[in-house]
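As stored in query-v5.txt (compact mmCIF, C-alpha atoms and all ligand atoms):
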# COMPACT_ATOMS: atom_id res chain seq x y z
CA MET I 1 87.40 69.46 40.16
CA ASN I 2 86.91 70.54 43.80
CA ASP I 3 84.96 68.69 46.42
CA ALA I 4 81.22 69.10 46.19
CA ILE I 5 79.42 71.19 48.83
CA THR I 6 75.81 70.79 49.88
CA LYS I 7 73.41 73.70 50.37
CA SER I 8 70.11 72.43 51.76
CA SER I 9 69.40 69.49 49.47
CA ILE I 10 71.45 70.91 46.58
CA THR I 11 74.83 69.55 45.61
CA ILE I 12 77.05 72.24 44.16
CA ARG I 13 80.46 71.53 42.64
CA GLU I 14 83.14 73.45 40.80
CA LEU I 15 83.93 72.03 37.34
CA GLU I 16 87.00 72.79 35.26
CA PRO I 17 86.10 75.72 33.00
CA SER I 18 87.46 76.06 29.46
CA ALA I 19 90.69 78.00 28.98
CA GLY I 20 90.20 81.74 29.49
CA TYR I 21 87.12 81.34 31.72
CA ALA I 22 87.06 82.17 35.45
CA ARG I 23 84.63 79.54 36.80
CA LEU I 24 82.15 76.81 35.89
CA VAL I 25 79.80 75.64 38.65
CA GLU I 26 77.21 72.85 38.54
CA ALA I 27 74.20 72.34 40.83
CA ARG I 28 71.95 69.30 41.18
CA ASP I 29 68.93 68.92 43.40
CA GLU I 30 67.12 65.60 43.49
CA GLN I 31 64.04 66.98 45.25
CA THR I 32 63.12 69.51 42.56
CA GLY I 33 64.98 67.96 39.60
CA LEU I 34 67.22 71.02 39.24
CA HIS I 35 70.29 70.52 37.10
CA ALA I 36 71.94 73.87 36.39
CA LEU I 37 75.26 75.42 35.40
CA VAL I 38 76.74 78.86 35.99
CA SER I 39 79.63 79.97 33.80
CA ILE I 40 81.61 83.03 34.88
CA HIS I 41 83.81 84.17 32.03
CA SER I 42 85.32 87.29 33.55
CA LEU I 43 85.25 89.24 36.81
CA LYS I 44 87.75 91.86 35.60
CA ARG I 45 85.24 94.73 35.37
CA GLY I 46 82.99 93.70 38.27
CA PRO I 47 80.58 90.92 39.26
CA ALA I 48 79.49 88.77 36.35
CA ALA I 49 76.01 89.45 34.97
CA GLY I 50 73.95 87.63 32.36
CA GLY I 51 70.61 85.87 32.05
CA CYS I 52 69.44 82.36 32.84
CA ARG I 53 68.30 80.16 29.94
CA MET I 54 66.18 77.03 30.45
CA TYR I 55 66.52 74.56 27.60
CA ASP I 56 66.25 70.83 27.08
CA TYR I 57 69.91 70.25 26.17
CA ALA I 58 70.72 66.81 24.74
CA ASP I 59 73.53 66.34 27.27
CA ILE I 60 75.76 68.20 29.75
CA LYS I 61 78.44 68.75 27.08
CA GLN I 62 76.00 70.72 24.94
CA ALA I 63 74.84 72.71 27.98
CA ILE I 64 78.45 73.58 28.93
CA PHE I 65 79.22 74.64 25.36
CA ASP I 66 76.18 76.93 25.31
CA VAL I 67 76.61 78.46 28.77
CA GLU I 68 80.29 79.23 28.17
CA ARG I 69 79.66 80.73 24.72
CA LEU I 70 76.89 82.94 26.14
CA SER I 71 78.94 83.88 29.22
CA ARG I 72 81.85 85.10 27.08
CA GLY I 73 79.39 87.06 24.97
CA MET I 74 78.17 88.83 28.12
CA THR I 75 81.73 89.91 29.00
CA TYR I 76 81.97 91.63 25.62
CA LYS I 77 78.46 93.11 25.77
CA ASN I 78 78.90 94.49 29.30
CA ALA I 79 82.29 95.99 28.44
CA ALA I 80 80.93 97.46 25.18
CA ALA I 81 78.24 99.26 27.19
CA ASP I 82 80.98 100.45 29.58
CA LEU I 83 79.31 98.82 32.57
CA PRO I 84 81.23 97.87 35.73
CA LEU I 85 80.19 94.23 35.23
CA GLY I 86 81.89 91.04 34.13
CA GLY I 87 80.40 88.31 31.97
CA GLY I 88 78.41 85.32 33.17
CA LYS I 89 75.45 83.18 32.20
CA SER I 90 73.47 80.29 33.64
CA VAL I 91 71.48 77.46 32.14
CA ILE I 92 68.90 75.15 33.65
CA ILE I 93 68.80 71.84 31.83
CA GLY I 94 65.20 70.83 31.16
CA ASP I 95 62.07 71.61 29.20
CA PRO I 96 60.64 74.90 30.51
CA LYS I 97 57.13 73.87 29.42
CA THR I 98 57.01 70.65 31.43
CA GLN I 99 59.81 70.73 34.02
CA LYS I 100 59.74 74.27 35.42
CA THR I 101 58.15 74.67 38.85
CA PRO I 102 58.35 77.41 41.53
CA GLU I 103 60.26 74.92 43.74
CA LEU I 104 62.82 74.32 40.99
CA MET I 105 63.32 78.07 40.53
CA ARG I 106 63.72 78.52 44.31
CA ALA I 107 66.36 75.76 44.33
CA PHE I 108 68.09 77.60 41.47
CA GLY I 109 67.91 80.72 43.69
CA ARG I 110 69.76 78.89 46.48
CA PHE I 111 72.42 77.91 43.94
CA ILE I 112 72.80 81.56 42.83
CA ASP I 113 72.95 82.69 46.46
CA SER I 114 75.80 80.26 47.14
CA LEU I 115 77.97 82.20 44.65
CA LYS I 116 77.80 85.19 47.03
CA GLY I 117 77.41 87.90 44.40
CA ASP I 118 80.07 86.77 41.92
CA TYR I 119 77.20 86.25 39.45
CA TYR I 120 73.90 88.14 38.96
CA THR I 121 71.14 86.39 37.04
CA ALA I 122 68.08 87.63 35.08
CA GLU I 123 65.61 86.12 32.62
CA ASP I 124 66.56 84.76 29.20
CA VAL I 125 64.95 82.26 26.81
CA GLY I 126 62.54 79.96 28.66
CA VAL I 127 62.57 82.01 31.89
CA SER I 128 60.08 84.76 32.80
CA PRO I 129 60.02 87.67 35.28
CA GLN I 130 57.64 85.52 37.35
CA ASP I 131 60.28 82.77 37.53
CA MET I 132 62.85 85.34 38.60
CA ALA I 133 60.53 86.42 41.42
CA HIS I 134 60.82 82.83 42.78
CA VAL I 135 64.61 82.95 42.40
CA ALA I 136 64.64 86.25 44.31
CA GLU I 137 62.91 84.56 47.29
CA GLU I 138 66.22 82.73 47.86
CA ALA I 139 68.88 85.00 46.34
CA ALA I 140 69.73 88.71 46.41
CA TYR I 141 71.66 88.55 43.16
CA VAL I 142 68.72 88.75 40.75
CA ALA I 143 67.65 91.38 38.19
CA GLY I 144 64.86 91.69 35.63
CA LEU I 145 62.23 91.82 38.35
CA GLU I 146 58.89 93.56 37.92
CA GLY I 147 58.65 94.80 41.50
CA GLY I 148 61.04 96.32 44.04
CA ALA I 149 62.87 99.60 44.56
CA PHE I 150 65.11 99.36 41.46
CA ALA I 151 63.03 96.92 39.37
CA SER I 152 63.95 97.40 35.73
CA GLY I 153 61.07 95.47 34.11
CA ASP I 154 61.04 94.81 30.36
CA PRO I 155 64.39 95.91 28.87
CA SER I 156 63.12 95.80 25.26
CA PRO I 157 62.20 99.50 24.80
CA VAL I 158 65.67 100.46 26.08
CA THR I 159 67.26 97.93 23.73
CA ALA I 160 65.22 99.40 20.86
CA ARG I 161 66.38 102.92 21.70
CA GLY I 162 70.01 101.75 21.58
CA VAL I 163 69.40 100.15 18.18
CA PHE I 164 67.71 103.36 16.96
CA LEU I 165 70.67 105.55 18.01
CA CYS I 166 73.21 103.11 16.53
CA LEU I 167 71.24 102.98 13.27
CA LYS I 168 71.36 106.78 13.03
CA GLN I 169 75.08 106.74 13.86
CA THR I 170 75.74 104.19 11.10
CA LEU I 171 73.98 106.39 8.53
CA LYS I 172 75.82 109.46 9.78
CA HIS I 173 79.18 107.74 9.56
CA ALA I 174 78.58 106.48 6.03
CA THR I 175 76.58 109.31 4.48
CA GLY I 176 77.26 112.36 6.67
CA SER I 177 73.59 112.62 7.72
CA ASP I 178 71.48 110.76 10.27
CA ASP I 179 68.19 112.11 8.91
CA LEU I 180 65.77 109.19 8.66
CA THR I 181 63.17 110.99 6.58
CA GLY I 182 62.31 108.75 3.64
CA LYS I 183 65.01 106.20 4.52
CA LYS I 184 63.89 102.66 3.66
CA ILE I 185 64.35 100.16 6.47
CA ALA I 186 63.53 96.43 6.54
CA ILE I 187 62.82 94.96 9.97
CA GLN I 188 62.98 91.18 10.43
CA GLY I 189 60.93 90.30 13.54
CA LEU I 190 58.33 92.46 15.26
CA GLY I 191 58.63 91.16 18.81
CA HIS I 192 59.38 93.17 21.92
CA VAL I 193 62.35 95.00 20.39
CA GLY I 194 61.39 95.03 16.68
CA MET I 195 57.95 96.58 17.27
CA SER I 196 59.34 99.24 19.57
CA LEU I 197 62.07 100.05 17.03
CA ALA I 198 59.48 100.22 14.25
CA GLY I 199 57.58 102.88 16.20
CA MET I 200 60.70 105.01 16.70
CA LEU I 201 61.74 104.74 13.04
CA HIS I 202 58.23 105.55 11.82
CA ASP I 203 58.07 108.61 14.08
CA ALA I 204 61.41 109.74 12.62
CA GLY I 205 60.01 109.58 9.07
CA ALA I 206 61.44 106.25 7.84
CA LYS I 207 59.57 103.99 5.39
CA LEU I 208 59.28 100.50 6.82
CA THR I 209 59.15 97.06 5.27
CA VAL I 210 58.52 94.34 7.84
CA CYS I 211 58.09 90.61 8.29
CA ASP I 212 57.24 88.24 11.11
CA ILE I 213 55.93 84.70 11.40
CA ASN I 214 53.24 86.15 13.65
CA ASP I 215 50.42 87.59 11.48
CA GLU I 216 49.02 89.70 14.30
CA ALA I 217 52.35 91.54 14.68
CA VAL I 218 52.64 92.37 10.98
CA ARG I 219 49.01 93.56 10.87
CA ALA I 220 49.73 95.88 13.81
CA ALA I 221 52.83 97.33 12.09
CA GLN I 222 50.82 97.81 8.89
CA ALA I 223 48.04 99.63 10.73
CA ASN I 224 50.16 101.70 13.12
CA PHE I 225 53.27 102.48 11.08
CA ASP I 226 52.05 102.23 7.50
CA ALA I 227 54.58 99.43 7.02
CA THR I 228 54.81 97.31 3.87
CA VAL I 229 54.51 93.64 4.79
CA VAL I 230 56.54 90.93 3.06
CA SER I 231 56.97 87.23 3.81
CA PRO I 232 59.93 86.14 5.99
CA GLY I 233 61.55 84.59 2.92
CA GLU I 234 61.46 87.93 1.07
CA ILE I 235 62.82 90.32 3.70
CA LEU I 236 66.50 90.01 2.77
CA ARG I 237 65.86 90.82 -0.89
CA GLN I 238 64.13 94.14 -0.21
CA ASP I 239 65.54 97.21 -1.94
CA VAL I 240 66.15 99.18 1.25
CA ASP I 241 68.88 101.28 2.88
CA VAL I 242 69.06 99.37 6.16
CA PHE I 243 68.35 95.76 7.16
CA ALA I 244 67.48 95.45 10.88
CA PRO I 245 67.56 91.82 12.10
CA CYS I 246 65.39 91.67 15.23
CA ALA I 247 64.38 87.99 15.32
CA MET I 248 66.94 85.21 15.65
CA GLY I 249 70.72 84.77 15.49
CA GLY I 250 72.87 83.37 12.68
CA VAL I 251 70.87 85.24 10.05
CA LEU I 252 73.93 86.69 8.26
CA ASN I 253 75.15 83.59 6.41
CA PRO I 254 76.74 83.51 2.92
CA VAL I 255 73.42 82.89 1.14
CA ALA I 256 71.67 85.70 3.01
CA ILE I 257 74.54 88.12 2.42
CA ALA I 258 74.45 87.40 -1.32
CA ALA I 259 70.72 88.21 -1.33
CA LEU I 260 70.96 91.45 0.71
CA LYS I 261 70.33 94.71 -1.13
CA ALA I 262 70.68 96.93 1.95
CA ARG I 263 73.94 98.87 2.40
CA PHE I 264 73.75 98.77 6.19
CA VAL I 265 72.93 96.08 8.78
CA VAL I 266 71.95 97.34 12.24
CA GLY I 267 69.66 95.26 14.45
CA ALA I 268 68.93 93.80 17.87
CA ALA I 269 69.34 90.07 17.29
CA ASN I 270 72.16 88.34 19.19
CA ASN I 271 74.96 86.58 17.28
CA GLN I 272 73.86 87.78 13.83
CA LEU I 273 77.00 86.58 12.01
CA ALA I 274 76.72 82.86 11.20
CA ASP I 275 80.51 82.82 11.66
CA ASP I 276 83.37 85.33 11.68
CA ALA I 277 84.05 84.90 7.96
CA CYS I 278 80.59 86.36 7.29
CA GLY I 279 81.77 89.70 8.72
CA GLN I 280 84.39 89.75 5.95
CA HIS I 281 81.77 88.68 3.34
CA LEU I 282 79.65 91.69 4.35
CA LYS I 283 82.62 94.02 3.97
CA ASP I 284 83.48 92.51 0.57
CA ALA I 285 79.87 93.07 -0.51
CA GLY I 286 80.14 96.76 0.46
CA ILE I 287 77.68 96.37 3.35
CA LEU I 288 78.49 98.17 6.61
CA TYR I 289 77.71 95.89 9.56
CA ALA I 290 77.20 97.39 13.03
CA PRO I 291 78.41 94.70 15.51
CA ASP I 292 75.39 93.28 17.32
CA TYR I 293 76.74 93.22 20.87
CA ILE I 294 77.36 96.97 20.73
CA VAL I 295 74.03 97.78 19.06
CA ASN I 296 71.85 95.68 21.38
CA GLY I 297 73.51 96.67 24.69
CA GLY I 298 70.54 98.75 25.86
CA GLY I 299 68.88 95.77 27.54
CA ILE I 300 71.87 95.04 29.73
CA VAL I 301 72.16 98.73 30.67
CA ASN I 302 68.63 98.44 32.02
CA VAL I 303 69.45 95.28 33.95
CA ALA I 304 72.72 96.81 35.22
CA MET I 305 70.86 99.73 36.76
CA GLU I 306 68.85 97.24 38.82
CA ILE I 307 72.00 95.38 39.90
CA LEU I 308 73.89 98.58 40.70
CA GLU I 309 70.79 100.16 42.31
CA ILE I 310 70.86 103.25 40.11
CA SER I 311 67.63 105.10 39.36
CA ASP I 312 69.08 108.19 37.65
CA PRO I 313 67.67 108.27 34.07
CA ASP I 314 70.77 110.24 32.98
CA TYR I 315 72.87 107.15 33.69
CA ARG I 316 70.67 105.12 31.32
CA GLU I 317 70.76 107.77 28.63
CA SER I 318 74.55 108.29 28.87
CA ARG I 319 75.21 104.55 28.59
CA ILE I 320 72.77 104.18 25.66
CA SER I 321 74.23 107.11 23.73
CA GLY I 322 77.66 105.69 24.64
CA LEU I 323 76.80 102.65 22.51
CA ALA I 324 76.62 104.90 19.44
CA THR I 325 79.89 106.61 20.44
CA THR I 326 81.64 103.23 20.77
CA LEU I 327 80.19 102.17 17.42
CA GLU I 328 81.58 105.29 15.74
CA LYS I 329 85.05 104.56 17.20
CA VAL I 330 84.81 101.06 15.73
CA PHE I 331 83.80 102.36 12.28
CA VAL I 332 86.59 104.96 12.21
CA ARG I 333 89.26 102.41 13.17
CA ALA I 334 87.82 99.83 10.75
CA ASP I 335 88.13 102.41 7.94
CA GLU I 336 91.70 103.27 8.95
CA LEU I 337 92.81 99.65 9.04
CA ASP I 338 90.57 98.44 6.20
CA GLN I 339 89.17 95.72 8.48
CA PRO I 340 85.59 94.50 9.08
CA PRO I 341 83.93 96.28 12.04
CA HIS I 342 83.36 93.07 14.03
CA VAL I 343 87.13 92.44 14.15
CA ILE I 344 87.80 95.98 15.38
CA ALA I 345 84.95 95.77 17.92
CA ASP I 346 86.51 92.65 19.47
CA GLN I 347 89.92 94.36 19.63
CA LEU I 348 88.46 97.49 21.23
CA ILE I 349 86.60 95.49 23.87
CA GLU I 350 89.61 93.27 24.58
CA GLY I 351 91.54 96.51 25.20
CA ARG I 352 88.91 97.53 27.76
CA LEU I 353 89.34 94.15 29.46
CA SER I 354 93.11 94.14 29.68
P1 LIG I 401 60.77 88.38 20.78
O1 LIG I 401 60.72 86.90 20.97
O2 LIG I 401 59.85 89.26 21.53
O3 LIG I 401 60.61 88.73 19.23
C1 LIG I 401 61.14 87.98 18.18
C2 LIG I 401 60.16 88.10 17.02
O4 LIG I 401 60.73 87.48 15.89
C3 LIG I 401 58.82 87.42 17.29
O5 LIG I 401 57.77 88.31 16.98
C4 LIG I 401 58.84 86.21 16.34
O6 LIG I 401 57.55 85.86 15.89
C5 LIG I 401 59.73 86.74 15.23
N1 LIG I 401 60.34 85.70 14.41
C6 LIG I 401 60.81 84.49 14.80
N2 LIG I 401 61.30 83.83 13.73
C7 LIG I 401 61.14 84.65 12.66
C8 LIG I 401 61.45 84.54 11.29
N3 LIG I 401 62.02 83.45 10.78
N4 LIG I 401 61.18 85.58 10.48
C9 LIG I 401 60.59 86.70 10.97
N5 LIG I 401 60.26 86.85 12.26
C10 LIG I 401 60.53 85.84 13.10
O7 LIG I 401 62.32 88.78 21.06
P2 LIG I 401 62.87 90.22 21.38
O8 LIG I 401 62.96 90.38 22.86
O9 LIG I 401 62.16 91.23 20.55
O10 LIG I 401 64.37 90.05 20.87
C11 LIG I 401 64.66 90.04 19.48
C12 LIG I 401 66.14 89.70 19.28
O11 LIG I 401 66.95 90.66 19.97
C13 LIG I 401 66.55 88.34 19.85
O12 LIG I 401 67.59 87.81 19.03
C14 LIG I 401 67.11 88.68 21.22
O13 LIG I 401 68.06 87.73 21.67
C15 LIG I 401 67.79 90.00 20.92
N6 LIG I 401 67.93 90.88 22.09
C16 LIG I 401 66.85 91.28 22.79
C17 LIG I 401 66.98 92.13 23.88
C18 LIG I 401 65.79 92.61 24.66
O14 LIG I 401 65.93 93.58 25.43
N7 LIG I 401 64.62 92.01 24.50
C19 LIG I 401 68.25 92.57 24.26
C20 LIG I 401 69.37 92.17 23.51
C21 LIG I 401 69.19 91.31 22.42
So, in terms of structure tokens, how does the structure I just supplied come out?
Ligand code: NAD
Amino acid sequence: MNDAITKSSITIRELEPSAGYARLVEARDEQTGLHALVSIHSLKRGPAAGGCRMYDYADIKQAIFDVERLSRGMTYKNAAADLPLGGGKSVIIGDPKTQKTPELMRAFGRFIDSLKGDYYTAEDVGVSPQDMAHVAEEAAYVAGLEGGAFASGDPSPVTARGVFLCLKQTLKHATGSDDLTGKKIAIQGLGHVGMSLAGMLHDAGAKLTVCDINDEAVRAAQANFDATVVSPGEILRQDVDVFAPCAMGGVLNPVAIAALKARFVVGAANNQLADDACGQHLKDAGILYAPDYIVNGGGIVNVAMEILEISDPDYRESRISGLATTLEKVFVRADELDQPPHVIADQLIEGRLS
């Protein structure tokens, strides 16, 4: 551990990161109650980029575990989208409902500023664009803002477009056609991404089955997209072509895989595989799984354009269609080597990083 430095009232110190990680930095500020961590996994492809999560972690060990896991995930996601960015993530330890204040977010901004551009932050769970506006009062290295010359706003429609293109690519790879007319698709979760995806699939002629714990969302999908509504407990068992997880992570566990009738899994949710063995279970069950961090890379493309100050829509489109191209490379190699796609995806991305 290095000596601590003080920036205004904040104490910032370098911690020992886990093996394979570039940096782990901690900040504490008594005045605002800030206790935050930044993990930088890799700077090989450019400055690290990844969101800030605020969560009431039980202890610092749990927070370090989470921030490092998420930071490594960002390295893979940024490289999969072929962005000139490394992987990083930050967490603020605390309950966002009761402990978040503008002063705390400004203190977090001073922490981010002290890293001098090695890490760019944006919103994640528990942190809003409004919070990021406070961070931006103190730091230049912020994305996901709603105002400003290159403000990228809500990334969800771009994420949904990436999922849509990857879904078509998966069908094309497996069946020779990406025509969605009459294709049956089950969407789990009709939030920002799921609802946008539902609209695109409906417009392309797909027949939708949907679920959400939010009744208003399912009623909207029923009314607008003629979707069949089922309960969350029933969604996996639907007799459909594609299952699109767009709610939470860890959904592809052994029990869920045994229940799945879909032949393809393509969705937006992060960390869909409960563990790596589940990727093999999917393959054994004859289900083609499109690795999540390739499929859902549209959001980070949007954020990257703000960081890199790019406004050319062609850049967005080329990076989004590039997700489907990368996915196809993964499928082809997975077929050749008779391996699950998630294993090949990791190998391909590690090649881009070496
Ligand atoms: P969101 O919070 O807007 O939507 C999630 C939806 O899932 C909500 O409508 C919620 O009610 C529903 N839900 C929660 N638990 C459920 C359950 N058990 N069964 C059915 N529905 C349930 O989130 P989002 O921004 O749409 O993101 C969806 C997923 O995609 C998340 O895993 C997120 O991490 C991932 N992701 C999002 C983006 C993005 O641009 N927003 C980018 C990359 C990855």
Counting only C-alpha atoms, which of I:Asp338, I:Leu197, I:Leu348, I:Met74 gets nearest to Cys166 (chain I)?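 Of I:Asp338, I:Leu197, I:Leu348, I:Met74, the one nearest Cys166 (chain I), counting only C-alpha atoms, is I:Leu197.
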Mind dumping a table of every region 150-208 of chain I residue within 7 Å of region 215-239 of chain I, with the nearest atom pair and its distance in Å to one decimal, using all atoms listed in the file, sorted by chain and rising number, as a Markdown table?
| residue | atom | partner | partner_atom | distance |
| --- | --- | --- | --- | --- |
| I:Ala186 | CA | I:Ile235 | CA | 6.8 |
| I:Gln188 | CA | I:Ile235 | CA | 6.8 |
| I:Leu190 | CA | I:Ala217 | CA | 6.1 |
| I:Gly199 | CA | I:Phe225 | CA | 6.7 |
| I:His202 | CA | I:Phe225 | CA | 5.9 |
| I:Lys207 | CA | I:Ala227 | CA | 7.0 |
| I:Leu208 | CA | I:Ala227 | CA | 4.8 |
| request: Go ahead and compute the interatomic distance for CA of Leu24 (chain I) and CA of Lys77 (chain I), in Å to one decimal. | output: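 For CA of Leu24 (chain I) relative to CA of Lys77 (chain I), the distance reads 19.5 Å.
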With 5 Å on each side, where is the centre of the axis-aligned box around all listed atoms of region 309-322 of chain I, and how long are its edges in Å to one decimal, as AutoDock Vina command-line options?
--center_x 72.6 --center_y 105.2 --center_z 33.0 --size_x 20.0 --size_y 20.1 --size_z 28.6
- prompt: In terms of the shortest atom-to-atom distance over only C-alpha atoms, which of I:Phe331, I:Phe150, I:Phe264, I:Tyr289 is closest to Ser311 (chain I)?
  reply: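 Closest to Ser311 (chain I), using only C-alpha atoms: I:Phe150.
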**Q.** Which residue of I:Val251, I:Asn78, I:Met105, I:Thr170 approaches Lys329 (chain I) most closely, using all atoms listed in the file
**A.**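 Among the listed residues, I:Thr170 lies closest to Lys329 (chain I).
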Please, which residues have at least one atom within 6 Å of an atom of ligand LIG 401 (chain I), using only C-alpha atoms and all ligand atoms, listed as a PDB file with C-alpha atoms, keeping the file's coordinate frame?
ATOM      1  CA  PRO I 155      64.390  95.910  28.870  1.00  0.00           C
ATOM      2  CA  SER I 156      63.120  95.800  25.260  1.00  0.00           C
ATOM      3  CA  THR I 159      67.260  97.930  23.730  1.00  0.00           C
ATOM      4  CA  GLN I 188      62.980  91.180  10.430  1.00  0.00           C
ATOM      5  CA  GLY I 189      60.930  90.300  13.540  1.00  0.00           C
ATOM      6  CA  LEU I 190      58.330  92.460  15.260  1.00  0.00           C
ATOM      7  CA  GLY I 191      58.630  91.160  18.810  1.00  0.00           C
ATOM      8  CA  HIS I 192      59.380  93.170  21.920  1.00  0.00           C
ATOM      9  CA  VAL I 193      62.350  95.000  20.390  1.00  0.00           C
ATOM     10  CA  GLY I 194      61.390  95.030  16.680  1.00  0.00           C
ATOM     11  CA  CYS I 211      58.090  90.610   8.290  1.00  0.00           C
ATOM     12  CA  ASP I 212      57.240  88.240  11.110  1.00  0.00           C
ATOM     13  CA  ILE I 213      55.930  84.700  11.400  1.00  0.00           C
ATOM     14  CA  ASN I 214      53.240  86.150  13.650  1.00  0.00           C
ATOM     15  CA  PRO I 232      59.930  86.140   5.990  1.00  0.00           C
ATOM     16  CA  CYS I 246      65.390  91.670  15.230  1.00  0.00           C
ATOM     17  CA  ALA I 247      64.380  87.990  15.320  1.00  0.00           C
ATOM     18  CA  MET I 248      66.940  85.210  15.650  1.00  0.00           C
ATOM     19  CA  GLY I 249      70.720  84.770  15.490  1.00  0.00           C
ATOM     20  CA  ALA I 268      68.930  93.800  17.870  1.00  0.00           C
ATOM     21  CA  ALA I 269      69.340  90.070  17.290  1.00  0.00           C
ATOM     22  CA  ASN I 270      72.160  88.340  19.190  1.00  0.00           C
ATOM     23  CA  ASN I 296      71.850  95.680  21.380  1.00  0.00           C
ATOM     24  CA  GLY I 299      68.880  95.770  27.540  1.00  0.00           C
TER      25      GLY I 299
END
re CA of Val210 (chain I) and CA of Ile257 (chain I): distance 18.0 Å
Margin query: I need the residue nearest Leu83 (chain I) from this list: I:Lys172, I:Arg110, I:Arg45, I:Arg13. Use all atoms listed in the file for the distance.
Written below: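 Smallest distance to Leu83 (chain I) is found for I:Arg45.
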Counting only C-alpha atoms, closest pick from I:Gln99, I:Gln31, I:Ser318, I:Ser39 relative to Gly162 (chain I) is I:Ser318
*Go through I:Asn302, I:Ser71, I:Ser196, I:Thr175 one by one, measure the shortest atom-to-atom distance of each to Leu43 (chain I) using only C-alpha atoms, and give the residue with the smallest value.*
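When distances to Leu43 (chain I) are compared using only C-alpha atoms, the smallest one comes from I:Ser71.
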